[in-house]
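*Asks:* Hey, dropping model-v6.pdb in here, PDB, C-alpha atoms and all ligand atoms:
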ATOM      1  CA  MET F   1      75.274-135.782 136.576
ATOM      2  CA  PRO F   2      72.217-133.674 137.433
ATOM      3  CA  SER F   3      69.695-133.427 134.600
ATOM      4  CA  THR F   4      69.856-130.202 132.593
ATOM      5  CA  THR F   5      66.176-130.505 131.613
ATOM      6  CA  PRO F   6      64.125-128.084 133.750
ATOM      7  CA  ALA F   7      61.414-129.846 135.772
ATOM      8  CA  ALA F   8      57.960-129.345 134.254
ATOM      9  CA  VAL F   9      55.786-126.939 136.246
ATOM     10  CA  PRO F  10      52.643-128.877 137.201
ATOM     11  CA  PHE F  11      49.299-127.735 135.825
ATOM     12  CA  THR F  12      46.972-127.168 138.774
ATOM     13  CA  VAL F  13      43.285-126.726 139.582
ATOM     14  CA  PRO F  14      43.594-122.924 140.158
ATOM     15  CA  GLN F  15      45.324-122.573 136.786
ATOM     16  CA  CYS F  16      42.190-123.858 135.029
ATOM     17  CA  ARG F  17      40.265-120.747 135.999
ATOM     18  CA  GLU F  18      43.253-118.479 135.280
ATOM     19  CA  ARG F  19      43.481-119.938 131.775
ATOM     20  CA  LYS F  20      39.857-119.012 131.160
ATOM     21  CA  HIS F  21      40.419-115.477 132.400
ATOM     22  CA  ARG F  22      43.425-115.118 130.128
ATOM     23  CA  GLY F  23      41.419-116.522 127.207
ATOM     24  CA  GLU F  24      43.828-119.451 126.793
ATOM     25  CA  LYS F  25      42.451-122.867 125.902
ATOM     26  CA  ILE F  26      42.811-125.958 128.085
ATOM     27  CA  THR F  27      43.811-129.276 126.517
ATOM     28  CA  CYS F  28      42.582-132.581 127.903
ATOM     29  CA  LEU F  29      42.895-136.186 126.716
ATOM     30  CA  THR F  30      41.920-139.453 128.295
ATOM     31  CA  ALA F  31      44.718-141.726 129.495
ATOM     32  CA  TYR F  32      44.496-145.136 131.103
ATOM     33  CA  ASP F  33      48.080-146.430 131.226
ATOM     34  CA  VAL F  34      51.600-145.285 132.023
ATOM     35  CA  SER F  35      52.915-145.218 128.420
ATOM     36  CA  THR F  36      50.278-142.949 126.944
ATOM     37  CA  ALA F  37      50.218-140.839 130.113
ATOM     38  CA  ARG F  38      53.981-140.235 129.731
ATOM     39  CA  LEU F  39      53.677-139.387 126.018
ATOM     40  CA  PHE F  40      50.713-137.033 126.488
ATOM     41  CA  ASP F  41      52.418-135.410 129.468
ATOM     42  CA  GLU F  42      55.581-134.852 127.421
ATOM     43  CA  ALA F  43      53.428-133.442 124.612
ATOM     44  CA  GLY F  44      52.100-130.787 126.990
ATOM     45  CA  VAL F  45      48.515-131.957 127.463
ATOM     46  CA  ASP F  46      47.158-129.998 130.458
ATOM     47  CA  ILE F  47      44.694-132.526 131.883
ATOM     48  CA  LEU F  48      44.788-136.320 131.722
ATOM     49  CA  LEU F  49      41.300-137.653 132.338
ATOM     50  CA  VAL F  50      41.252-141.247 133.527
ATOM     51  CA  GLY F  51      37.836-141.658 131.991
ATOM     52  CA  ASP F  52      35.438-144.490 132.662
ATOM     53  CA  SER F  53      35.465-144.721 128.850
ATOM     54  CA  LEU F  54      38.292-147.158 129.618
ATOM     55  CA  GLY F  55      35.577-149.783 130.012
ATOM     56  CA  MET F  56      34.652-149.323 126.365
ATOM     57  CA  VAL F  57      37.932-148.563 124.609
ATOM     58  CA  VAL F  58      40.254-150.723 126.736
ATOM     59  CA  ALA F  59      37.954-153.544 127.853
ATOM     60  CA  GLY F  60      35.445-153.654 124.967
ATOM     61  CA  MET F  61      32.374-153.159 127.155
ATOM     62  CA  PRO F  62      29.206-151.895 125.418
ATOM     63  CA  ASP F  63      28.949-148.926 127.822
ATOM     64  CA  THR F  64      30.662-147.512 130.917
ATOM     65  CA  LEU F  65      28.240-148.883 133.502
ATOM     66  CA  ALA F  66      30.214-151.959 134.558
ATOM     67  CA  VAL F  67      33.422-150.050 135.335
ATOM     68  CA  GLY F  68      34.153-150.193 139.063
ATOM     69  CA  MET F  69      36.478-148.544 141.568
ATOM     70  CA  ALA F  70      39.098-151.298 141.256
ATOM     71  CA  GLU F  71      39.590-150.668 137.532
ATOM     72  CA  MET F  72      39.588-146.898 138.043
ATOM     73  CA  LEU F  73      42.157-146.972 140.864
ATOM     74  CA  PHE F  74      44.430-149.316 138.893
ATOM     75  CA  ALA F  75      44.360-146.912 135.919
ATOM     76  CA  VAL F  76      44.811-143.778 138.064
ATOM     77  CA  ARG F  77      47.952-145.275 139.670
ATOM     78  CA  ALA F  78      49.349-146.130 136.234
ATOM     79  CA  VAL F  79      48.659-142.660 134.825
ATOM     80  CA  ARG F  80      50.139-141.042 137.937
ATOM     81  CA  ARG F  81      53.407-142.930 137.348
ATOM     82  CA  GLY F  82      53.590-141.583 133.791
ATOM     83  CA  ALA F  83      52.719-137.924 134.346
ATOM     84  CA  THR F  84      54.794-135.207 135.961
ATOM     85  CA  ARG F  85      53.071-132.029 134.725
ATOM     86  CA  ALA F  86      49.487-132.801 133.726
ATOM     87  CA  LEU F  87      46.580-132.518 136.141
ATOM     88  CA  ILE F  88      45.128-135.993 136.641
ATOM     89  CA  VAL F  89      41.347-136.223 136.927
ATOM     90  CA  ALA F  90      39.730-139.524 137.909
ATOM     91  CA  ASP F  91      36.253-140.284 136.596
ATOM     92  CA  LEU F  92      34.071-141.582 139.414
ATOM     93  CA  PRO F  93      32.544-144.826 138.068
ATOM     94  CA  PHE F  94      28.805-145.462 137.885
ATOM     95  CA  GLY F  95      27.560-146.592 141.300
ATOM     96  CA  SER F  96      30.490-145.107 143.206
ATOM     97  CA  TYR F  97      28.696-141.838 144.061
ATOM     98  CA  GLN F  98      25.019-142.185 143.129
ATOM     99  CA  THR F  99      23.953-144.204 146.171
ATOM    100  CA  SER F 100      24.951-141.785 148.948
ATOM    101  CA  VAL F 101      26.987-138.654 149.658
ATOM    102  CA  ALA F 102      29.179-140.623 152.081
ATOM    103  CA  ALA F 103      29.985-143.248 149.456
ATOM    104  CA  GLY F 104      30.783-140.555 146.895
ATOM    105  CA  VAL F 105      33.160-138.698 149.204
ATOM    106  CA  ARG F 106      34.808-141.964 150.294
ATOM    107  CA  ASN F 107      35.416-143.069 146.712
ATOM    108  CA  ALA F 108      36.681-139.636 145.685
ATOM    109  CA  VAL F 109      39.181-139.778 148.571
ATOM    110  CA  ARG F 110      40.366-143.159 147.267
ATOM    111  CA  CYS F 111      40.983-141.587 143.859
ATOM    112  CA  LEU F 112      43.087-138.794 145.359
ATOM    113  CA  LYS F 113      45.044-141.282 147.465
ATOM    114  CA  ALA F 114      45.752-143.242 144.252
ATOM    115  CA  GLY F 115      47.286-140.139 142.669
ATOM    116  CA  ALA F 116      44.474-138.141 141.079
ATOM    117  CA  SER F 117      44.341-134.398 141.735
ATOM    118  CA  ALA F 118      40.596-134.162 141.146
ATOM    119  CA  VAL F 119      37.531-136.276 140.374
ATOM    120  CA  LYS F 120      34.847-135.939 137.714
ATOM    121  CA  LEU F 121      31.213-136.848 138.169
ATOM    122  CA  GLU F 122      28.154-136.691 135.937
ATOM    123  CA  GLY F 123      24.849-134.966 136.529
ATOM    124  CA  GLY F 124      23.181-131.653 137.352
ATOM    125  CA  GLN F 125      21.294-130.227 140.313
ATOM    126  CA  PRO F 126      20.827-133.546 142.169
ATOM    127  CA  ARG F 127      24.622-133.630 142.638
ATOM    128  CA  ARG F 128      24.836-130.295 144.475
ATOM    129  CA  ARG F 129      24.998-131.682 148.018
ATOM    130  CA  LEU F 130      27.607-134.257 147.070
ATOM    131  CA  ILE F 131      29.783-131.667 145.322
ATOM    132  CA  ARG F 132      29.589-129.318 148.313
ATOM    133  CA  ARG F 133      30.656-132.121 150.660
ATOM    134  CA  MET F 134      33.556-133.027 148.387
ATOM    135  CA  VAL F 135      34.714-129.416 148.159
ATOM    136  CA  GLU F 136      34.489-129.151 151.976
ATOM    137  CA  ALA F 137      36.686-132.252 152.101
ATOM    138  CA  GLU F 138      39.297-130.486 149.872
ATOM    139  CA  ILE F 139      38.494-132.642 146.835
ATOM    140  CA  PRO F 140      38.472-130.679 143.566
ATOM    141  CA  VAL F 141      35.486-131.723 141.443
ATOM    142  CA  MET F 142      34.905-131.465 137.688
ATOM    143  CA  GLY F 143      31.269-131.593 136.534
ATOM    144  CA  HIS F 144      29.900-133.256 133.390
ATOM    145  CA  LEU F 145      26.636-132.273 131.658
ATOM    146  CA  GLY F 146      24.860-132.974 128.371
ATOM    147  CA  LEU F 147      25.434-136.439 126.985
ATOM    148  CA  THR F 148      26.366-138.165 130.228
ATOM    149  CA  PRO F 149      27.268-141.775 129.364
ATOM    150  CA  GLN F 150      26.394-143.123 132.820
ATOM    151  CA  ALA F 151      22.796-142.068 132.094
ATOM    152  CA  VAL F 152      22.658-144.098 128.864
ATOM    153  CA  ARG F 153      19.706-146.164 130.119
ATOM    154  CA  ARG F 154      17.654-143.043 130.888
ATOM    155  CA  MET F 155      18.691-141.321 127.639
ATOM    156  CA  GLY F 156      18.031-144.477 125.598
ATOM    157  CA  GLY F 157      21.297-144.117 123.659
ATOM    158  CA  TYR F 158      24.070-141.664 122.882
ATOM    159  CA  ALA F 159      22.150-138.973 120.999
ATOM    160  CA  VAL F 160      23.028-135.269 121.142
ATOM    161  CA  GLN F 161      21.305-133.709 124.176
ATOM    162  CA  ALA F 162      19.521-130.428 124.952
ATOM    163  CA  ARG F 163      18.517-129.506 121.396
ATOM    164  CA  ALA F 164      15.036-128.387 122.491
ATOM    165  CA  PRO F 165      14.798-124.872 124.030
ATOM    166  CA  GLU F 166      13.431-126.137 127.398
ATOM    167  CA  ALA F 167      16.192-128.735 127.660
ATOM    168  CA  ALA F 168      18.774-126.084 126.816
ATOM    169  CA  GLU F 169      17.448-123.819 129.597
ATOM    170  CA  ALA F 170      17.521-126.751 132.036
ATOM    171  CA  LEU F 171      21.138-127.448 131.138
ATOM    172  CA  LEU F 172      22.062-123.785 131.683
ATOM    173  CA  GLU F 173      20.467-123.938 135.136
ATOM    174  CA  ASP F 174      22.309-127.176 135.901
ATOM    175  CA  ALA F 175      25.599-125.592 134.849
ATOM    176  CA  GLN F 176      25.062-122.619 137.144
ATOM    177  CA  ALA F 177      24.039-124.905 140.005
ATOM    178  CA  LEU F 178      27.232-126.931 139.603
ATOM    179  CA  GLU F 179      29.359-123.797 139.534
ATOM    180  CA  GLU F 180      27.660-122.535 142.701
ATOM    181  CA  ALA F 181      28.214-125.925 144.350
ATOM    182  CA  GLY F 182      31.942-125.555 143.683
ATOM    183  CA  VAL F 183      33.074-127.470 140.590
ATOM    184  CA  PHE F 184      36.328-126.064 139.183
ATOM    185  CA  ALA F 185      35.571-126.998 135.558
ATOM    186  CA  LEU F 186      32.706-128.470 133.589
ATOM    187  CA  VAL F 187      32.732-131.040 130.780
ATOM    188  CA  LEU F 188      30.041-130.362 128.184
ATOM    189  CA  GLU F 189      29.463-133.433 126.034
ATOM    190  CA  GLY F 190      27.259-133.907 122.970
ATOM    191  CA  ILE F 191      25.291-130.655 122.942
ATOM    192  CA  PRO F 192      24.737-127.996 120.249
ATOM    193  CA  ARG F 193      27.666-125.617 119.944
ATOM    194  CA  GLU F 194      25.353-122.622 120.422
ATOM    195  CA  LEU F 195      24.317-123.916 123.843
ATOM    196  CA  ALA F 196      27.922-124.697 124.797
ATOM    197  CA  ALA F 197      28.838-121.124 123.859
ATOM    198  CA  ARG F 198      26.067-119.758 126.119
ATOM    199  CA  VAL F 199      27.166-121.907 129.060
ATOM    200  CA  THR F 200      30.787-120.908 128.505
ATOM    201  CA  ALA F 201      29.912-117.214 128.441
ATOM    202  CA  ARG F 202      27.785-117.466 131.566
ATOM    203  CA  LEU F 203      30.228-119.341 133.834
ATOM    204  CA  ALA F 204      33.417-118.105 135.487
ATOM    205  CA  ILE F 205      34.787-121.662 135.545
ATOM    206  CA  PRO F 206      36.122-123.186 132.322
ATOM    207  CA  THR F 207      34.061-125.489 130.149
ATOM    208  CA  ILE F 208      35.774-128.459 128.497
ATOM    209  CA  GLY F 209      33.922-129.590 125.386
ATOM    210  CA  ILE F 210      33.613-132.933 123.643
ATOM    211  CA  GLY F 211      31.196-132.820 120.755
ATOM    212  CA  ALA F 212      30.173-129.356 121.966
ATOM    213  CA  GLY F 213      31.832-127.115 119.400
ATOM    214  CA  PRO F 214      34.786-124.725 119.398
ATOM    215  CA  ASP F 215      33.574-122.067 121.851
ATOM    216  CA  CYS F 216      34.325-124.030 125.026
ATOM    217  CA  ASP F 217      37.326-123.003 127.136
ATOM    218  CA  GLY F 218      39.019-126.305 126.432
ATOM    219  CA  GLN F 219      38.574-129.578 124.583
ATOM    220  CA  VAL F 220      38.764-133.236 125.550
ATOM    221  CA  LEU F 221      38.909-136.303 123.316
ATOM    222  CA  VAL F 222      39.081-140.000 124.050
ATOM    223  CA  ALA F 223      42.691-140.901 123.224
ATOM    224  CA  HIS F 224      41.782-144.010 121.235
ATOM    225  CA  ASP F 225      39.571-141.881 118.940
ATOM    226  CA  LEU F 226      42.290-139.279 118.330
ATOM    227  CA  LEU F 227      44.886-142.007 117.662
ATOM    228  CA  GLY F 228      42.727-143.893 115.159
ATOM    229  CA  LEU F 229      42.198-146.991 117.272
ATOM    230  CA  THR F 230      38.390-146.918 117.289
ATOM    231  CA  ASP F 231      36.132-147.498 114.329
ATOM    232  CA  PRO F 232      33.825-145.848 113.552
ATOM    233  CA  ALA F 233      34.582-142.634 115.423
ATOM    234  CA  PRO F 234      31.839-140.100 116.190
ATOM    235  CA  LYS F 235      31.401-136.985 113.987
ATOM    236  CA  PHE F 236      33.067-134.682 116.502
ATOM    237  CA  VAL F 237      36.349-136.625 116.512
ATOM    238  CA  ARG F 238      39.359-135.480 114.541
ATOM    239  CA  ARG F 239      41.888-138.251 114.000
ATOM    240  CA  TYR F 240      45.430-136.993 114.551
ATOM    241  CA  ALA F 241      46.982-140.394 113.840
ATOM    242  CA  ASP F 242      45.960-143.619 112.132
ATOM    243  CA  LEU F 243      47.595-146.165 114.392
ATOM    244  CA  ALA F 244      45.347-149.158 113.644
ATOM    245  CA  PRO F 245      47.032-150.043 110.299
ATOM    246  CA  THR F 246      50.481-149.401 111.798
ATOM    247  CA  ILE F 247      49.846-151.716 114.741
ATOM    248  CA  ARG F 248      48.219-154.374 112.547
ATOM    249  CA  ALA F 249      51.167-154.291 110.110
ATOM    250  CA  ALA F 250      53.653-154.609 112.995
ATOM    251  CA  ALA F 251      51.812-157.661 114.347
ATOM    252  CA  GLN F 252      51.658-159.228 110.852
ATOM    253  CA  ALA F 253      55.404-158.685 110.340
ATOM    254  CA  TYR F 254      56.094-160.256 113.735
ATOM    255  CA  CYS F 255      53.953-163.313 112.900
ATOM    256  CA  ARG F 256      55.783-163.651 109.552
ATOM    257  CA  ASP F 257      59.208-163.507 111.187
ATOM    258  CA  VAL F 258      58.327-165.976 113.956
ATOM    259  CA  THR F 259      56.782-168.376 111.448
ATOM    260  CA  SER F 260      59.789-168.209 109.125
ATOM    261  CA  GLY F 261      62.331-168.395 111.956
ATOM    262  CA  ALA F 262      63.688-164.903 111.232
ATOM    263  CA  PHE F 263      62.866-163.787 114.754
ATOM    264  CA  PRO F 264      64.606-163.939 117.119
ATOM    265  CA  ALA F 265      68.031-163.554 115.534
ATOM    266  CA  ASP F 266      71.272-164.426 117.293
ATOM    267  CA  ARG F 267      71.781-160.787 118.277
ATOM    268  CA  GLU F 268      68.422-160.941 120.021
ATOM    269  CA  SER F 269      69.483-164.030 122.025
ATOM    270  CA  TYR F 270      71.416-164.522 125.256
ATOM    271  CA  HIS F 271      74.461-166.773 125.262
ATOM    272  CA  ALA F 272      75.935-169.250 127.690
ATOM    273  CA  PRO F 273      79.430-168.305 128.896
ATOM    274  CA  GLY F 274      82.058-169.608 126.454
ATOM    275  CA  ALA F 275      79.595-170.431 123.656
ATOM    276  CA  PRO F 276      81.406-170.966 120.324
ATOM    277  CA  VAL F 277      81.809-167.791 118.276
ATOM    278  CA  ALA F 278      80.284-169.482 115.225
ATOM    279  CA  VAL F 279      77.070-170.072 117.166
ATOM    280  CA  ARG F 280      77.147-166.515 118.467
ATOM    281  CA  ALA F 281      77.586-165.099 114.978
ATOM    282  CA  ARG F 282      74.842-167.093 113.361
ATOM    283  CA  GLY F 283      71.522-165.457 112.768
TER     284      GLY F 283
HETATM  285  O1  LIG B 301      35.025-141.213 130.285
HETATM  286  C1  LIG B 301      35.398-140.342 129.499
HETATM  287  O2  LIG B 301      36.298-140.538 128.677
HETATM  288  C2  LIG B 301      34.732-139.052 129.569
HETATM  289  C3  LIG B 301      35.030-138.069 128.487
HETATM  290  C4  LIG B 301      34.372-138.477 127.243
HETATM  291  C5  LIG B 301      34.668-136.687 128.886
HETATM  292  O3  LIG B 301      33.972-138.816 130.447
END
Translate this file's structure into structure tokens.
Ligand code: KIV

*Replies:*
Amino acid sequence: MPSTTPAAVPFTVPQCRERKHRGEKITCLTAYDVSTARLFDEAGVDILLVGDSLGMVVAGMPDTLAVGMAEMLFAVRAVRRGATRALIVADLPFGSYQTSVAAGVRNAVRCLKAGASAVKLEGGQPRRRLIRRMVEAEIPVMGHLGLTPQAVRRMGGYAVQARAPEAAEALLEDAQALEEAGVFALVLEGIPRELAARVTARLAIPTIGIGAGPDCDGQVLVAHDLLGLTDPAPKFVRRYADLAPTIRAAAQAYCRDVTSGAFPADRESYHAPGAPVAVRARG
């Protein structure tokens, strides 16, 4: 029987800009595995960002710096298998594009071959040449300014960026430079909402905010923050679920049942052919 459910119309790179022109917000969440990718896709999330935050929230690393291409490609393939509609953006890991333009383009190509539709990279004007080369190579690129986690050593931590007027002007110039270089969207992370509003008003491409206030053209959150799996969560996070107690309680109940012998029951067991009915019924 053919399915009666209409196939989801994929969300595409050109639609990002159209959304901005229509004044409609863009939704983005991180995803790192097939199950959450499928659920977020079904929920109608526009963009699934395979963020290098996976190093922190999935692998417990102190920062994103140790994430490599192998981890990113593994996660992109998994997310690709779960999503039919959402645009998949792969975060280029630290070291995969900073050393040379050729390396950056090569690693971005690997992300697209793994199933991403676009890549994201961090940084301002020094990234112009790389972005232009990627765009020439038909690779859609998302920029990322403000609190850029791959620059944590330079920043000395994860503080809000560009509060001072000169730093705000520099960020505005960076944003314009990235737009001119060809990025199709720009993540603004950890900056004052007033600055995010100025950037958003100045650019024709959409801005996607995280800790940048409500005036951006879209919002992104790390899935584990939104689902209540990280503690503590930053100020800008709104928790839409509190899964930690639910998961902990499920694991405790499982341990109780295994310890007491209540799990598995007979109905959860396989049987040899011709096993006595009494054995089959027990449990
Ligand atoms: O890696 C990530 O999850 C990100 C978002 C926070 C924008 O870059």

*Asks:* Just so the selection is clear, what residues does the PyMOL selection byres (((not hetatm)) within 6 of (chain B and resi 301)) cover here, as a list in words?

*Replies:*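 Expected selection for the PyMOL selection byres (((not hetatm)) within 6 of (chain B and resi 301)) here is Thr30, Gly51, Asp52, Ser53 and Val222 of chain F.
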
*Asks:* Can you list, as a PyMOL selection string, the residues that the PyMOL selection byres (((chain F and resi 158-164) around 8) and not hetatm) selects here?

*Replies:* chain F and resi 146-147+149+152+155-157+165-168+171+190-192

*Asks:* Please, what distance in Å, to one decimal, runs between CA of Thr200 in chain F and CA of Lys235 in chain F?

*Replies:*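 Spanning CA of Thr200 in chain F to CA of Lys235 in chain F is a straight-line distance of 21.7 Å.
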
*Asks:* Between F:Ala272, F:Ala253, F:Ala78, F:Met142, which is the closest to Pro206 in chain F once you count all atoms listed in the file?

*Replies:*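 Going through F:Ala272, F:Ala253, F:Ala78, F:Met142 one by one, the smallest distance to Pro206 in chain F is for F:Met142.
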
*Asks:* Could you work out how far CA of Gln125 in chain F lies from CA of Ala177 in chain F, giving the answer in Å with one decimal?

*Replies:* 6.0 Å

*Asks:* Return as a PyMOL selection string the set of residues that the PyMOL selection byres (((chain F and resi 65) around 12) and not hetatm) yields on the displayed structure.

*Replies:* chain F and resi 52-56+61-64+66-69+92-96+148-153

*Asks:* Provide the CA of Gly228 in chain F to CA of Lys20 in chain F distance in Å, to one decimal place.

*Replies:*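 Interatomic distance, CA of Gly228 in chain F to CA of Lys20 in chain F: 29.7 Å.
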
*Asks:* Looking at only C-alpha atoms, which of F:Glu18, F:Asp91, F:Glu169, F:Glu71 is the one that sits closest to Leu49 in chain F?

*Replies:*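 Counting only C-alpha atoms, the residue closest to Leu49 in chain F is F:Asp91.
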
*Asks:* For Gly104 in chain F, list every protein, DNA or RNA residue within 9 Å, evaluated using all atoms listed in the file, and leave out those in the same chain fewer than 4 positions away; present the list as a PyMOL selection string.

*Replies:* chain F and resi 92+95-100+108-109+130+134

*Asks:* List the neighbours of Ala201 in chain F out to 12 Å using only C-alpha atoms; skip same-chain residues closer than 2 positions along the sequence, and give me the result as a list of chain:residue names.

*Replies:* F:Lys20, F:His21, F:Gly23, F:Leu172, F:Ala175, F:Gln176, F:Glu194, F:Leu195, F:Ala196, F:Ala197, F:Arg198, F:Val199, F:Leu203, F:Ala204, F:Ile205, F:Pro206, F:Thr207, F:Asp215, F:Cys216, F:Asp217

*Asks:* Tell me, as a list in words, which residues lie within 7 Å of Val183 in chain F, counting all atoms listed in the file; anything in the same chain fewer than 3 positions away does not count.

*Replies:*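 Skipping anything fewer than 3 positions along the chain leaves Pro140, Val141, Met142, Gly143, Leu178 and Glu179 of chain F.
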
*Asks:* Take the selection from the previous step and output its residues with C-alpha atoms, as a tab-separated table (two decimals), in the frame of the given file.

*Replies:*
chain	number	residue	atom	x	y	z
F	140	PRO	CA	38.47	-130.68	143.57
F	141	VAL	CA	35.49	-131.72	141.44
F	142	MET	CA	34.90	-131.46	137.69
F	143	GLY	CA	31.27	-131.59	136.53
F	178	LEU	CA	27.23	-126.93	139.60
F	179	GLU	CA	29.36	-123.80	139.53

*Asks:* Counting only C-alpha atoms, what is within 9 Å of Leu87 in chain F, bar same-chain residues fewer than 4 positions away, as a list in words?

*Replies:* Pro10, Phe11, Thr12, Val13, Val45, Asp46, Ile47, Leu48, Leu49, Ala83, Ala116, Ser117 and Ala118 of chain F

*Asks:* Using only C-alpha atoms, which of F:Asp225, F:Thr36, F:Arg17, F:Glu180 sits nearest Gly124 in chain F?

*Replies:*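 Looking at the shortest contact to Gly124 in chain F, the residue is F:Glu180.
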
*Asks:* Since the input has fewer atoms than a full residue there, write range 185-192 of chain F out with all heavy atoms, as an mmCIF file, in the coordinates of the input.

*Replies:*
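Listing of result.cif after writing:
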data_model
loop_
_atom_site.group_PDB
_atom_site.id
_atom_site.type_symbol
_atom_site.label_atom_id
_atom_site.label_comp_id
_atom_site.auth_asym_id
_atom_site.auth_seq_id
_atom_site.Cartn_x
_atom_site.Cartn_y
_atom_site.Cartn_z
ATOM 1 N N ALA F 185 35.651 -126.958 137.023
ATOM 2 C CA ALA F 185 35.571 -126.998 135.558
ATOM 3 C C ALA F 185 34.380 -127.886 135.210
ATOM 4 O O ALA F 185 33.894 -128.658 136.053
ATOM 5 C CB ALA F 185 36.848 -127.557 134.944
ATOM 6 N N LEU F 186 33.923 -127.756 133.978
ATOM 7 C CA LEU F 186 32.706 -128.470 133.589
ATOM 8 C C LEU F 186 32.871 -129.064 132.193
ATOM 9 O O LEU F 186 33.103 -128.318 131.233
ATOM 10 C CB LEU F 186 31.526 -127.486 133.598
ATOM 11 C CG LEU F 186 30.166 -128.015 133.167
ATOM 12 C CD1 LEU F 186 29.702 -129.145 134.092
ATOM 13 C CD2 LEU F 186 29.135 -126.885 133.161
ATOM 14 N N VAL F 187 32.745 -130.386 132.098
ATOM 15 C CA VAL F 187 32.732 -131.040 130.780
ATOM 16 C C VAL F 187 31.338 -130.895 130.187
ATOM 17 O O VAL F 187 30.329 -131.156 130.859
ATOM 18 C CB VAL F 187 33.114 -132.532 130.897
ATOM 19 C CG1 VAL F 187 32.842 -133.269 129.591
ATOM 20 C CG2 VAL F 187 34.577 -132.685 131.287
ATOM 21 N N LEU F 188 31.296 -130.437 128.931
ATOM 22 C CA LEU F 188 30.041 -130.362 128.184
ATOM 23 C C LEU F 188 30.160 -131.351 127.032
ATOM 24 O O LEU F 188 31.012 -131.185 126.153
ATOM 25 C CB LEU F 188 29.816 -128.952 127.630
ATOM 26 C CG LEU F 188 29.623 -127.849 128.672
ATOM 27 C CD1 LEU F 188 29.553 -126.487 127.986
ATOM 28 C CD2 LEU F 188 28.363 -128.102 129.502
ATOM 29 N N GLU F 189 29.333 -132.386 127.056
ATOM 30 C CA GLU F 189 29.463 -133.433 126.034
ATOM 31 C C GLU F 189 28.190 -133.520 125.194
ATOM 32 O O GLU F 189 27.069 -133.525 125.726
ATOM 33 C CB GLU F 189 29.724 -134.794 126.712
ATOM 34 C CG GLU F 189 29.825 -135.929 125.684
ATOM 35 C CD GLU F 189 30.345 -137.243 126.254
ATOM 36 O OE1 GLU F 189 30.697 -137.285 127.463
ATOM 37 O OE2 GLU F 189 30.396 -138.223 125.492
ATOM 38 N N GLY F 190 28.359 -133.597 123.878
ATOM 39 C CA GLY F 190 27.259 -133.907 122.970
ATOM 40 C C GLY F 190 26.092 -132.961 123.071
ATOM 41 O O GLY F 190 24.950 -133.415 123.233
ATOM 42 N N ILE F 191 26.372 -131.662 122.957
ATOM 43 C CA ILE F 191 25.291 -130.655 122.942
ATOM 44 C C ILE F 191 25.547 -129.693 121.786
ATOM 45 O O ILE F 191 26.676 -129.598 121.290
ATOM 46 C CB ILE F 191 25.188 -129.865 124.280
ATOM 47 C CG1 ILE F 191 26.487 -129.104 124.582
ATOM 48 C CG2 ILE F 191 24.833 -130.792 125.435
ATOM 49 C CD1 ILE F 191 26.362 -128.137 125.765
ATOM 50 N N PRO F 192 24.531 -128.949 121.338
ATOM 51 C CA PRO F 192 24.737 -127.996 120.249
ATOM 52 C C PRO F 192 25.790 -126.959 120.632
ATOM 53 O O PRO F 192 25.849 -126.523 121.790
ATOM 54 C CB PRO F 192 23.353 -127.342 120.089
ATOM 55 C CG PRO F 192 22.391 -128.304 120.684
ATOM 56 C CD PRO F 192 23.124 -129.006 121.786
#
